[in-house]
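S.K.: Okay, handing you the structure first.
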Amino acid sequence: MSHGELGAVITRNVGDLEQAIAHVQEEMDPRINSAAWEALERALRDEDFHFDDGDDPDDAWFAPRSWLIEGDSDPWFELSVRNGDDLETWLASYCTPRSEKEAIGIQWYYDNLYVRDYRAILEEHASDLKAIELAGFRHDGNDIYLPIDFNQEAIAEGFAQGNLKDAMEPISVAAKALVETLPHFQNLREAIVAKAHR
């Protein structure tokens with residue numbers, strides 16, 4: 001379809017498109033994010049994790065309870081995206097991310113202001129980082145993240161049936177990878193905390 005033809009189709013359907021975006025943002029995004037968070041909690045229920053809920057994925061985080069200090073954790077994990085600023089909906093990150101950084105995944109975060117030479121810590125723990133990458137996590141600069149590959153048709157069917165539980169099964173696979181690599185993340189976390197308290 002040419003740009004001109006696409007423009008004509010959009011123009012003729014712009015009212016429906018506006019309604020669709022509003023429906024996704026107001027109804028579908030909260031439902032799928034809630035289903036994903038519930039799936040994560042189920043997948044890690046036998047592990048000793050703390051979950052801190054939020055209104056959307058950017059406000060929710062989780063971490064091993066052993067990492068908590070006065071109810072908070074640094075570093076921590078999120079079930080979110082590395083870079084979804086250009087996407088209008090969370091649903092797009094589940095169904096059609098344009099890159100791995102726009103895909104919903106398990107993201108490792110730490111406070112940048114806390115540790116100035118994080119890269120040096122990664123270099124010192126190259127074997128831990130390698131094990132994390134072998135489990136499917138991506139390492140890009142200071143970012144460590146595990147993109148999750150969801151099935152768009154399964155999500156569509158989940159919305160049609162009013163139950164997204166089966167569509168969230170890829171989260172269980174990602175959670176298993178996280179549990180397997182947790183000792184390596186623990187080593188990184190200990191190095192970060194030690195450096196921050198020097």
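Residues in the structure tokens are numbered from 1 in each chain, the chains being A, B, ... in the order shown, and ligands are numbered from 1 in the order shown.
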Counting only C-alpha atoms, which residues of segment 32-125 of chain A sit at most 12 Å from some atom of segment 136-145 of chain A, and what is each one's closest atom pair with its distance in Å to one decimal, listed by chain and rising residue number, as CSV?

M.R.:
residue,atom,partner,partner_atom,distance
A:Pro75,CA,A:Ile144,CA,11.8
A:Trp76,CA,A:Ile144,CA,11.6
A:Phe77,CA,A:Tyr145,CA,9.3
A:Glu78,CA,A:Tyr145,CA,9.5
A:Leu79,CA,A:Tyr145,CA,9.7
A:Ser80,CA,A:Tyr145,CA,9.6
A:Val81,CA,A:Tyr145,CA,8.6
A:Arg82,CA,A:Tyr145,CA,7.6
A:Asn83,CA,A:Asp143,CA,10.9
A:Glu100,CA,A:Arg138,CA,9.0
A:Lys101,CA,A:Tyr145,CA,8.2
A:Glu102,CA,A:Tyr145,CA,11.0
A:Ala103,CA,A:Tyr145,CA,10.0
A:Ile104,CA,A:Tyr145,CA,9.7
A:Gly105,CA,A:Tyr145,CA,6.7
A:Ile106,CA,A:Tyr145,CA,5.7
A:Gln107,CA,A:Tyr145,CA,4.4
A:Trp108,CA,A:Ile144,CA,5.7
A:Tyr109,CA,A:Asp143,CA,8.0
A:Tyr110,CA,A:Asn142,CA,9.8
A:Asp111,CA,A:Asn142,CA,11.5
A:Asn112,CA,A:Asn142,CA,9.7
A:Val115,CA,A:Asn142,CA,11.6
A:Arg116,CA,A:Asn142,CA,11.4
A:Asp117,CA,A:Asn142,CA,10.2
A:Tyr118,CA,A:Asn142,CA,7.4
A:Arg119,CA,A:Asn142,CA,6.7
A:Ala120,CA,A:Asn142,CA,10.4
A:Ile121,CA,A:Asn142,CA,10.5
A:Leu122,CA,A:Asn142,CA,8.6
A:Glu123,CA,A:Asn142,CA,11.2

S.K.: Excluding segment 16-28 of chain A and its own-chain neighbours fewer than 4 positions away, which residues fall within 8 Å of it when counting only C-alpha atoms? Please give them as a ChimeraX atom specification.

M.R.: /A:10,32,88-91

S.K.: Would you export the selected residues with N, CA and C atoms as a PDB file, in the first residue's frame, please?

M.R.:
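This is the output file result_9.pdb:
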ATOM      1  N   ILE A  10      -6.504   5.886   6.449  1.00  0.00           N
ATOM      2  CA  ILE A  10      -6.485   6.485   7.792  1.00  0.00           C
ATOM      3  C   ILE A  10      -7.513   7.603   7.888  1.00  0.00           C
ATOM      4  N   ILE A  32      -4.136  -6.020  30.555  1.00  0.00           N
ATOM      5  CA  ILE A  32      -3.009  -6.873  30.190  1.00  0.00           C
ATOM      6  C   ILE A  32      -1.846  -6.691  31.164  1.00  0.00           C
ATOM      7  N   GLU A  88       2.376   4.209  21.608  1.00  0.00           N
ATOM      8  CA  GLU A  88       1.201   4.837  22.206  1.00  0.00           C
ATOM      9  C   GLU A  88       0.548   3.973  23.279  1.00  0.00           C
ATOM     10  N   THR A  89       0.778   2.666  23.215  1.00  0.00           N
ATOM     11  CA  THR A  89       0.092   1.756  24.143  1.00  0.00           C
ATOM     12  C   THR A  89       1.057   0.711  24.673  1.00  0.00           C
ATOM     13  N   TRP A  90       0.730   0.204  25.877  1.00  0.00           N
ATOM     14  CA  TRP A  90       1.461  -0.949  26.402  1.00  0.00           C
ATOM     15  C   TRP A  90       1.187  -2.174  25.547  1.00  0.00           C
ATOM     16  N   LEU A  91      -0.044  -2.292  25.050  1.00  0.00           N
ATOM     17  CA  LEU A  91      -0.423  -3.447  24.237  1.00  0.00           C
ATOM     18  C   LEU A  91       0.532  -3.637  23.062  1.00  0.00           C
TER      19      LEU A  91
END

S.K.: Enumerate as a PyMOL selection string all residues of segment 11-180 of chain A assigned to alpha helix (DSSP H) by DSSP on the backbone, naming them with the chain letters and numbers the document uses.

M.R.: chain A and resi 11-23+29-43+90-95+118-124+126-134+152-161+169-180

S.K.: If you run DSSP on this backbone, which residues of chain A come out as strand (DSSP E or B), and could you give them as a ChimeraX atom specification?

M.R.: /A:49-52,61-64,69,72,76-80,105-109,138-140,143-147

S.K.: Kindly assemble as CSV a list of the segment 120-153 of chain A residues that lie within 10 Å of segment 183-186 of chain A, each paired with its nearest atom pair and their distance in Å to one decimal, using only C-alpha atoms, sorted first by chain and then by ascending residue number.

M.R.:
residue,atom,partner,partner_atom,distance
A:His125,CA,A:His184,CA,8.7
A:Ser127,CA,A:His184,CA,8.6
A:Asp128,CA,A:His184,CA,4.9
A:Leu129,CA,A:His184,CA,7.3
A:Lys130,CA,A:His184,CA,9.3
A:Ala131,CA,A:His184,CA,7.3
A:Ile132,CA,A:His184,CA,6.9

S.K.: Quote the spacing between atom CA of Gln152 of chain A and atom CA of Cys95 of chain A in Å to one decimal place.

M.R.: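 So the answer is 4.9 Å.
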